[in-house]
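Contents: one structure, followed by commentary.
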Amino acid sequence: MNGYDVVIVGAGPAGMACASEACSAGLSTLVLDEQPRPGGQIFRDIEVSDRKRRALLGKDYGEGARIAGAFRASGAEYVPGAVVWNIDSAKRIDYSAGGRSHSVEAKSLVVATGAIERPTPMPGWTLPGVTTVGAVQILFKTSGIVFEDVVLVGSGPLLWLAATQLIAAGSPPKAIVETVPKARYREAARHFGKALPAWRYLAKGFAMMRAVKKAGVPVHRDATDIAIEGETVAAAVTFAAGGRRQRIETAHVALHQGVVPNQQITRLLNCQHRFDESQRAFLPVVDESFETSVPGVFVAGDGAGIGGAKSAEMRGRLVAMRIAEKAGRPAGEAAKLRAEIAKDAAVRPLLEALYAPSADILSPADTTMVCRCEEITAGQIREAVALGAPGPNQVKSFLRAGMGPCQGRMCGLAVSEIIAAAKGETPSTTDYYRIRPPLKPLLLSELAGLGAEEPREAAE
C-alpha cells in the first residue's frame with residue numbers, strides 16, 4: 001500500500017493550492033478528485049475552456065488557470081476520476097478509479113471537498129426541467145450549453161453571478177424570483193462598515209445587479225410561497241410578491257439558497273461539528289490552521305465554512321504550511337496569510353445576514369417531498385417525530401430518509417431543520433445523520449480487487 005505525507009481529497013482551489021504548497025515544502029503529496037480535470041466547481045474545466053468562454057464567465061473564473069497551472073507544475077501525484085468511498089481512523093483512504101478500488105495511507109489528510117448547494121424543498125422541485133443554479137453553471141462550463149428562458153429562484157451571490165453570465169452569453173434569464181425579505185436589507189446594512197475591507201466583493205455585487213437591471217430582466221423581490229407547476233415536466237413558477245399571486249410560464253427553473261459545507265468525510269471520521277446559526281449549516285470544529293478535532297485531519301476551503309474561491313486558495317496554502325511545520329519542514333509566513341484570510345472574510349457577516357435561507361425552505365409544507373431518493377415528505381418526517389423519533393438517525397430507521405444514493409447530501413440539513421422545529425429545539429441539539437461507508441455507490445467488482453492490486457503509476 002502506498003503511503004504519503006499528505007493526501008488531499010478534492011482538486012478545487014483549496015486542494016490545488018494545498019498540493020502546490022505542500023510539494024514546495026518537500027512533502028510527498030497525492031490528490032484524489034472525482035472530476036476528469038482539476039478546478040472543482042468554481043473553476044470547472046478551466047484547463048480546456050477557450051478564451052471566449054472564460055471571458056463570458058468572468059475574470060474570477062480565469063484566475064483558476066493560474067492555480068491549476070501551479071498545481072500541474074508542483075509535482076504532486078494526481079488521480080482524476082477517483083471516488084473516495086471510505087476513510088478509516090488510521091487515515092487509510094479507499095477510493096475507486098479505473099474500475100477498481102485502491103488504498104493509500106496518509107500521515108496527514110486534507111479534506112478539500114468544498115461546498116454543496118443547500119437543499120431547496122418546495123412543491124414541484126423534483127419535476128424534470130428543475131435544476132440548481134450550480135448545475136446551470138456546470139453545463140455552461142463543461143459544454144457551453146446555455147438554458148433559454150430560465151427562471152432563477154432563491155437567493156445568494158451565485159444567483160446574481162449566474163444571471164450575469166447568462167446575460168453575457170446572450171441568453172438572459174426570463175426572470176429572477178428572489179426570496180430575500182425586505183427587512184433583511186436593513187439587518188445586513190448593520191454589517192456594511194465592517195465589510196469595507198472586502199469592498200471588492202461589494203462592488204462586484206452591485207455591478208452584477210446593475211447588469212441585470214440594464215438587461216431588462218424582471219426581478220421579483222421578497223417572494224414567498226413559491227411552487228413549480230407541471231404535470232410531468234416544469235411548466236410555470238408561481239409565487240406571492242408585491243401583494244399578489246404571480247405566475248411565470250417556463251420550462252426551465254434553477255433553484256438556489258446558498259451553499260453549505262460538504263461534511264460527509266468529516267462526519268465519517270467522527271470529527272466534532274457545530275451548528276452555525278448565521279450559515280444555518282453544520283461546520284467542522286477547526287483550529288486557526290484548520291485542523292479538526294481528529295489529529296492530522298484538516299479541512300481546507302469551503303468545507304470549513306463558506307468563504308469563496310479566494311479564501312479557499314489561501315486556506316489551502318495555510319493548511320499545507322501547518323502540515324510542513326509539524327513535519328519539521330520549511331513553512332511559509334502563516335501569520336501574514338491568516339491576516340489576509342480574515343480581511344477577505346470581512347464581507348461574510350453581511351452576506352450571511354442578507355442571504356440566509358428562506359423560511360419556506362427551512363420549514364416546507366407537509367406535502368413537499370424532502371428526501372428525493374426515498375420520496376419522503378416533510379409531513380412524514382414530522383409524523384415520525386410525533387411517534388418518538390428523536391433525531392435524523394431514528395427518522396432514517398423509520399422512513400429510510402437519507403439512505404439513498406446521495407447518502408443524505410440532498411436532504412440532511414432539511415431533515416435536521418424539520419425535526420428541530422417539530423421538537424422545539426435547535427439543529428445543534430437535533431444533530432445530523434450518522435455517516436457510514438461507502439460514501440458513494442460503487443460496484444461490487446470495484447470492491448472485489450481491493451488489496452490485491454499492482455503498484456499504481458502516477459497519473460500524468
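Residue numbers start at 1 in each chain; chains themselves are named A, B, ... in the order of the C-alpha cells; ligands are numbered from 1 in the order shown.
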
Requested in this report: For Ile93 in chain A, work out the shell of residues within 12 Å, counting only C-alpha atoms and skipping chain neighbours fewer than 4 positions away, then give it as number ranges by chain.
Outcome: A: 1-4, 6-9, 30-32, 82-89, 101-111, 265, 268-269, 437-439, 450

Requested in this report: Tell me which protein, DNA and RNA residues are within 6 Å of range 148-153 of chain A, counting only C-alpha atoms, leaving out same-chain ones fewer than 3 positions away, and put them as a VMD selection string.
Outcome: chain A and resid 171 173 to 178 252 to 255

Just to be explicit: take each residue in the selection above, keep C-alpha atoms, and write the result as a PDB file, in the first residue's frame.
```pdb
ATOM      1  CA  SER A 171     -29.465  34.190 -23.111  1.00  0.00           C
ATOM      2  CA  PRO A 173     -32.895  34.663 -17.588  1.00  0.00           C
ATOM      3  CA  LYS A 174     -36.613  35.120 -18.094  1.00  0.00           C
ATOM      4  CA  ALA A 175     -36.899  36.413 -14.527  1.00  0.00           C
ATOM      5  CA  ILE A 176     -35.324  36.327 -11.090  1.00  0.00           C
ATOM      6  CA  VAL A 177     -37.620  35.377  -8.220  1.00  0.00           C
ATOM      7  CA  GLU A 178     -35.685  36.426  -5.119  1.00  0.00           C
ATOM      8  CA  HIS A 252     -36.617  25.708 -17.018  1.00  0.00           C
ATOM      9  CA  VAL A 253     -36.271  26.606 -13.349  1.00  0.00           C
ATOM     10  CA  ALA A 254     -32.981  26.926 -11.454  1.00  0.00           C
ATOM     11  CA  LEU A 255     -33.115  26.938  -7.644  1.00  0.00           C
TER      12      LEU A 255
END
```

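By only C-alpha atoms, and with residues fewer than 3 positions from Ala65 in chain A along its chain excluded, the set lying at most 10 Å from it is Pro38, Gly39, Phe43, Asp45, Ile46, Glu47, Val48, Ser49, Arg54, Tyr61, Gly62, Ala68, Gly69, Ala70 and Phe71 of chain A.
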
Given only C-alpha atoms, how would the per-residue table for range 406-443 of chain A near range 363-387 of chain A read, listing every residue at most 10 Å away with its closest atom pair and distance in Å to one decimal, sorted by chain and number, as CSV?
```
residue,atom,partner,partner_atom,distance
A:Cys406,CA,A:Cys373,CA,7.3
A:Gln407,CA,A:Cys373,CA,8.9
A:Gly408,CA,A:Cys371,CA,7.9
A:Arg409,CA,A:Cys371,CA,9.6
A:Met410,CA,A:Cys371,CA,7.1
A:Cys411,CA,A:Cys371,CA,5.3
A:Gly412,CA,A:Cys371,CA,8.4
A:Ala414,CA,A:Val370,CA,7.1
A:Val415,CA,A:Val370,CA,7.4
A:Ser416,CA,A:Ile381,CA,9.9
A:Glu417,CA,A:Ser363,CA,7.3
A:Ile418,CA,A:Ser363,CA,6.1
A:Ile419,CA,A:Val385,CA,6.7
A:Ala420,CA,A:Val385,CA,9.5
A:Ala421,CA,A:Ser363,CA,7.9
A:Ala422,CA,A:Arg382,CA,6.5
A:Lys423,CA,A:Val385,CA,7.6
```

Query raised in the report: Residues at most 9 Å from Ala356 in chain A, counting only C-alpha atoms, excluding those fewer than 4 positions away in the same chain, as number ranges by chain?
Result: A: 155-156, 180, 184, 257-258, 278-280, 351-352

Just write the chosen residues, N, CA and C atoms, as a PDB file, in the first residue's frame.
```
ATOM      1  N   SER A 155     -31.968  32.855  -3.552  1.00  0.00           N
ATOM      2  CA  SER A 155     -31.166  33.989  -3.107  1.00  0.00           C
ATOM      3  C   SER A 155     -29.702  33.593  -3.046  1.00  0.00           C
ATOM      4  N   GLY A 156     -28.855  34.594  -2.945  1.00  0.00           N
ATOM      5  CA  GLY A 156     -27.424  34.354  -2.810  1.00  0.00           C
ATOM      6  C   GLY A 156     -26.628  34.962  -3.940  1.00  0.00           C
ATOM      7  N   VAL A 180     -35.358  37.048  -0.699  1.00  0.00           N
ATOM      8  CA  VAL A 180     -34.834  37.867   0.403  1.00  0.00           C
ATOM      9  C   VAL A 180     -35.914  38.825   0.904  1.00  0.00           C
ATOM     10  N   ARG A 184     -34.414  42.079   5.618  1.00  0.00           N
ATOM     11  CA  ARG A 184     -33.046  41.563   5.623  1.00  0.00           C
ATOM     12  C   ARG A 184     -32.037  42.623   5.172  1.00  0.00           C
ATOM     13  N   GLN A 257     -30.354  28.446  -2.792  1.00  0.00           N
ATOM     14  CA  GLN A 257     -30.494  29.088  -1.482  1.00  0.00           C
ATOM     15  C   GLN A 257     -29.130  29.083  -0.776  1.00  0.00           C
ATOM     16  N   GLY A 258     -28.095  29.390  -1.531  1.00  0.00           N
ATOM     17  CA  GLY A 258     -26.757  29.414  -0.970  1.00  0.00           C
ATOM     18  C   GLY A 258     -26.096  28.040  -0.975  1.00  0.00           C
ATOM     19  N   SER A 278     -25.573  31.577  11.682  1.00  0.00           N
ATOM     20  CA  SER A 278     -25.572  32.536  10.586  1.00  0.00           C
ATOM     21  C   SER A 278     -25.585  31.839   9.227  1.00  0.00           C
ATOM     22  N   GLN A 279     -24.867  30.713   9.103  1.00  0.00           N
ATOM     23  CA  GLN A 279     -24.863  29.981   7.841  1.00  0.00           C
ATOM     24  C   GLN A 279     -25.964  28.924   7.794  1.00  0.00           C
ATOM     25  N   ARG A 280     -26.638  28.695   8.925  1.00  0.00           N
ATOM     26  CA  ARG A 280     -27.666  27.657   9.027  1.00  0.00           C
ATOM     27  C   ARG A 280     -27.136  26.338   8.463  1.00  0.00           C
ATOM     28  N   LEU A 351     -23.122  39.142   4.016  1.00  0.00           N
ATOM     29  CA  LEU A 351     -23.732  38.207   3.076  1.00  0.00           C
ATOM     30  C   LEU A 351     -24.601  37.182   3.792  1.00  0.00           C
ATOM     31  N   GLU A 352     -24.143  36.714   4.936  1.00  0.00           N
ATOM     32  CA  GLU A 352     -24.905  35.697   5.664  1.00  0.00           C
ATOM     33  C   GLU A 352     -26.186  36.268   6.255  1.00  0.00           C
TER      34      GLU A 352
END
```

Query raised in the report: Among range 81-312 of chain A, which residues carry a DSSP assignment of strand (DSSP E), reported as a PyMOL selection string?
Result: chain A and resi 83-87+92-97+100-111+115-117+130-132+151-155+175-178+219-220+224-229+236-241+244-249+253-257+259-261+273-276+281-284+297-299

Requested in this report: Select, from A:Leu447, A:Ala309, A:Val79, A:Ala162, the residue with the minimum atom-to-atom distance to Ala345 in chain A, counting only C-alpha atoms.
Outcome: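 Smallest distance to Ala345 in chain A is found for A:Ala309.
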
If you count only C-alpha atoms, which residues fall within 9 Å of range 329-335 of chain A, apart from same-chain ones fewer than 6 positions away, as a JSON list (two decimals) with all heavy atoms, in the first residue's frame?
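The resulting file, out31.json, is reproduced below:
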```json
[["chain", "number", "residue", "atom", "x", "y", "z"],
["A", 21, "GLU", "N", 1.64, 24.04, -2.31],
["A", 21, "GLU", "CA", 2.40, 24.48, -1.13],
["A", 21, "GLU", "C", 3.08, 23.30, -0.45],
["A", 21, "GLU", "O", 4.24, 23.41, -0.01],
["A", 21, "GLU", "CB", 1.47, 25.19, -0.16],
["A", 21, "GLU", "CG", 2.17, 25.94, 0.96],
["A", 21, "GLU", "CD", 2.80, 27.24, 0.52],
["A", 21, "GLU", "OE1", 2.31, 27.86, -0.44],
["A", 21, "GLU", "OE2", 3.80, 27.65, 1.15],
["A", 22, "ALA", "N", 2.39, 22.18, -0.35],
["A", 22, "ALA", "CA", 2.96, 21.00, 0.30],
["A", 22, "ALA", "C", 4.17, 20.48, -0.47],
["A", 22, "ALA", "O", 5.19, 20.11, 0.11],
["A", 22, "ALA", "CB", 1.90, 19.91, 0.44],
["A", 24, "SER", "N", 6.12, 22.20, -2.41],
["A", 24, "SER", "CA", 7.23, 23.15, -2.28],
["A", 24, "SER", "C", 7.98, 22.97, -0.97],
["A", 24, "SER", "O", 9.15, 23.34, -0.85],
["A", 24, "SER", "CB", 6.72, 24.59, -2.40],
["A", 24, "SER", "OG", 5.95, 24.97, -1.26],
["A", 25, "ALA", "N", 7.30, 22.38, 0.02],
["A", 25, "ALA", "CA", 7.94, 22.10, 1.31],
["A", 25, "ALA", "C", 8.59, 20.71, 1.33],
["A", 25, "ALA", "O", 9.12, 20.29, 2.36],
["A", 25, "ALA", "CB", 6.92, 22.20, 2.44],
["A", 26, "GLY", "N", 8.55, 20.00, 0.20],
["A", 26, "GLY", "CA", 9.18, 18.70, 0.11],
["A", 26, "GLY", "C", 8.36, 17.55, 0.64],
["A", 26, "GLY", "O", 8.89, 16.46, 0.90],
["A", 27, "LEU", "N", 7.05, 17.73, 0.78],
["A", 27, "LEU", "CA", 6.17, 16.68, 1.29],
["A", 27, "LEU", "C", 5.63, 15.84, 0.12],
["A", 27, "LEU", "O", 5.20, 16.39, -0.90],
["A", 27, "LEU", "CB", 5.01, 17.29, 2.06],
["A", 27, "LEU", "CG", 5.36, 18.11, 3.30],
["A", 27, "LEU", "CD1", 4.13, 18.84, 3.82],
["A", 27, "LEU", "CD2", 5.95, 17.24, 4.38],
["A", 289, "SER", "N", -5.44, 26.81, 12.16],
["A", 289, "SER", "CA", -4.79, 26.26, 10.97],
["A", 289, "SER", "C", -5.70, 25.26, 10.25],
["A", 289, "SER", "O", -5.24, 24.49, 9.40],
["A", 289, "SER", "CB", -3.47, 25.59, 11.33],
["A", 289, "SER", "OG", -2.56, 26.53, 11.87],
["A", 317, "ARG", "N", -3.33, 26.85, 1.22],
["A", 317, "ARG", "CA", -1.91, 27.13, 1.46],
["A", 317, "ARG", "C", -1.58, 27.09, 2.95],
["A", 317, "ARG", "O", -0.55, 26.55, 3.36],
["A", 317, "ARG", "CB", -1.54, 28.49, 0.87],
["A", 317, "ARG", "CG", -1.54, 28.54, -0.65],
["A", 317, "ARG", "CD", -1.26, 29.96, -1.14],
["A", 317, "ARG", "NE", -0.06, 30.51, -0.51],
["A", 317, "ARG", "CZ", 0.15, 31.81, -0.28],
["A", 317, "ARG", "NH1", -0.79, 32.69, -0.59],
["A", 317, "ARG", "NH2", 1.26, 32.22, 0.28],
["A", 318, "LEU", "N", -2.47, 27.67, 3.77],
["A", 318, "LEU", "CA", -2.23, 27.71, 5.21],
["A", 318, "LEU", "C", -2.19, 26.30, 5.80],
["A", 318, "LEU", "O", -1.35, 26.00, 6.66],
["A", 318, "LEU", "CB", -3.33, 28.53, 5.89],
["A", 318, "LEU", "CG", -3.19, 28.74, 7.40],
["A", 318, "LEU", "CD1", -1.92, 29.52, 7.72],
["A", 318, "LEU", "CD2", -4.41, 29.44, 7.96],
["A", 320, "ALA", "N", -1.31, 23.56, 4.28],
["A", 320, "ALA", "CA", -0.05, 22.94, 3.89],
["A", 320, "ALA", "C", 1.11, 23.47, 4.72],
["A", 320, "ALA", "O", 2.02, 22.71, 5.09],
["A", 320, "ALA", "CB", 0.21, 23.19, 2.41],
["A", 321, "MET", "N", 1.10, 24.76, 5.03],
["A", 321, "MET", "CA", 2.15, 25.34, 5.87],
["A", 321, "MET", "C", 2.18, 24.69, 7.24],
["A", 321, "MET", "O", 3.23, 24.38, 7.80],
["A", 321, "MET", "CB", 1.94, 26.85, 6.01],
["A", 321, "MET", "CG", 2.21, 27.66, 4.77],
["A", 321, "MET", "SD", 1.86, 29.42, 5.07],
["A", 321, "MET", "CE", 2.10, 30.08, 3.43],
["A", 322, "ARG", "N", 0.99, 24.46, 7.80],
["A", 322, "ARG", "CA", 0.90, 23.85, 9.13],
["A", 322, "ARG", "C", 1.38, 22.40, 9.10],
["A", 322, "ARG", "O", 2.10, 21.95, 10.00],
["A", 322, "ARG", "CB", -0.54, 23.92, 9.64],
["A", 322, "ARG", "CG", -0.76, 23.23, 10.98],
["A", 322, "ARG", "CD", 0.16, 23.77, 12.05],
["A", 322, "ARG", "NE", -0.07, 23.10, 13.33],
["A", 322, "ARG", "CZ", 0.82, 23.04, 14.31],
["A", 322, "ARG", "NH1", 2.03, 23.59, 14.16],
["A", 322, "ARG", "NH2", 0.53, 22.43, 15.45],
["A", 323, "ILE", "N", 1.03, 21.66, 8.05],
["A", 323, "ILE", "CA", 1.48, 20.28, 7.93],
["A", 323, "ILE", "C", 3.00, 20.23, 7.80],
["A", 323, "ILE", "O", 3.68, 19.40, 8.41],
["A", 323, "ILE", "CB", 0.80, 19.60, 6.73],
["A", 323, "ILE", "CG1", -0.70, 19.47, 6.99],
["A", 323, "ILE", "CG2", 1.42, 18.22, 6.46],
["A", 323, "ILE", "CD1", -1.49, 18.98, 5.79]]
```

Requested in this report: Could you pull out the residues in range 220-354 of chain A that DSSP calls helix (DSSP H, G or I) from the backbone, as a PyMOL selection string?
Outcome: chain A and resi 264-268+301-304+309-326+334-354

Query raised in the report: Looking at only C-alpha atoms, which of A:Gly40, A:Gly404, A:Pro357, A:Pro427 is the one that sits closest to Pro121 in chain A?
Result: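 Among the listed residues, the smallest separation from Pro121 in chain A belongs to A:Pro357.
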
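When CA of Phe239 in chain A is paired with CA of Ala359 in chain A, their separation reads 14.0 Å.
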
Report task. Rank nothing, just name the residue among A:Ala353, A:Ala235, A:Ala17, A:Val299 nearest to Arg66 in chain A, using only C-alpha atoms. Result ->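 Looking at the shortest contact to Arg66 in chain A, the residue is A:Ala17.
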
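Closest approach to Val212 in chain A from the set A:Trp160, A:Phe298, A:Trp125, A:Tyr78 is made by A:Trp160, with distances taken over only C-alpha atoms.
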
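Between Met209 in chain A and the candidates A:Gly144, A:Ala240, A:Leu443, A:Pro157, the tightest atom-to-atom separation, counting only C-alpha atoms, involves A:Pro157.
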
Query raised in the report: Interatomic distance between CA of Gln41 in chain A and CA of Arg72 in chain A?
Result: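 Straight-line distance from CA of Gln41 in chain A to CA of Arg72 in chain A works out to 17.7 Å.
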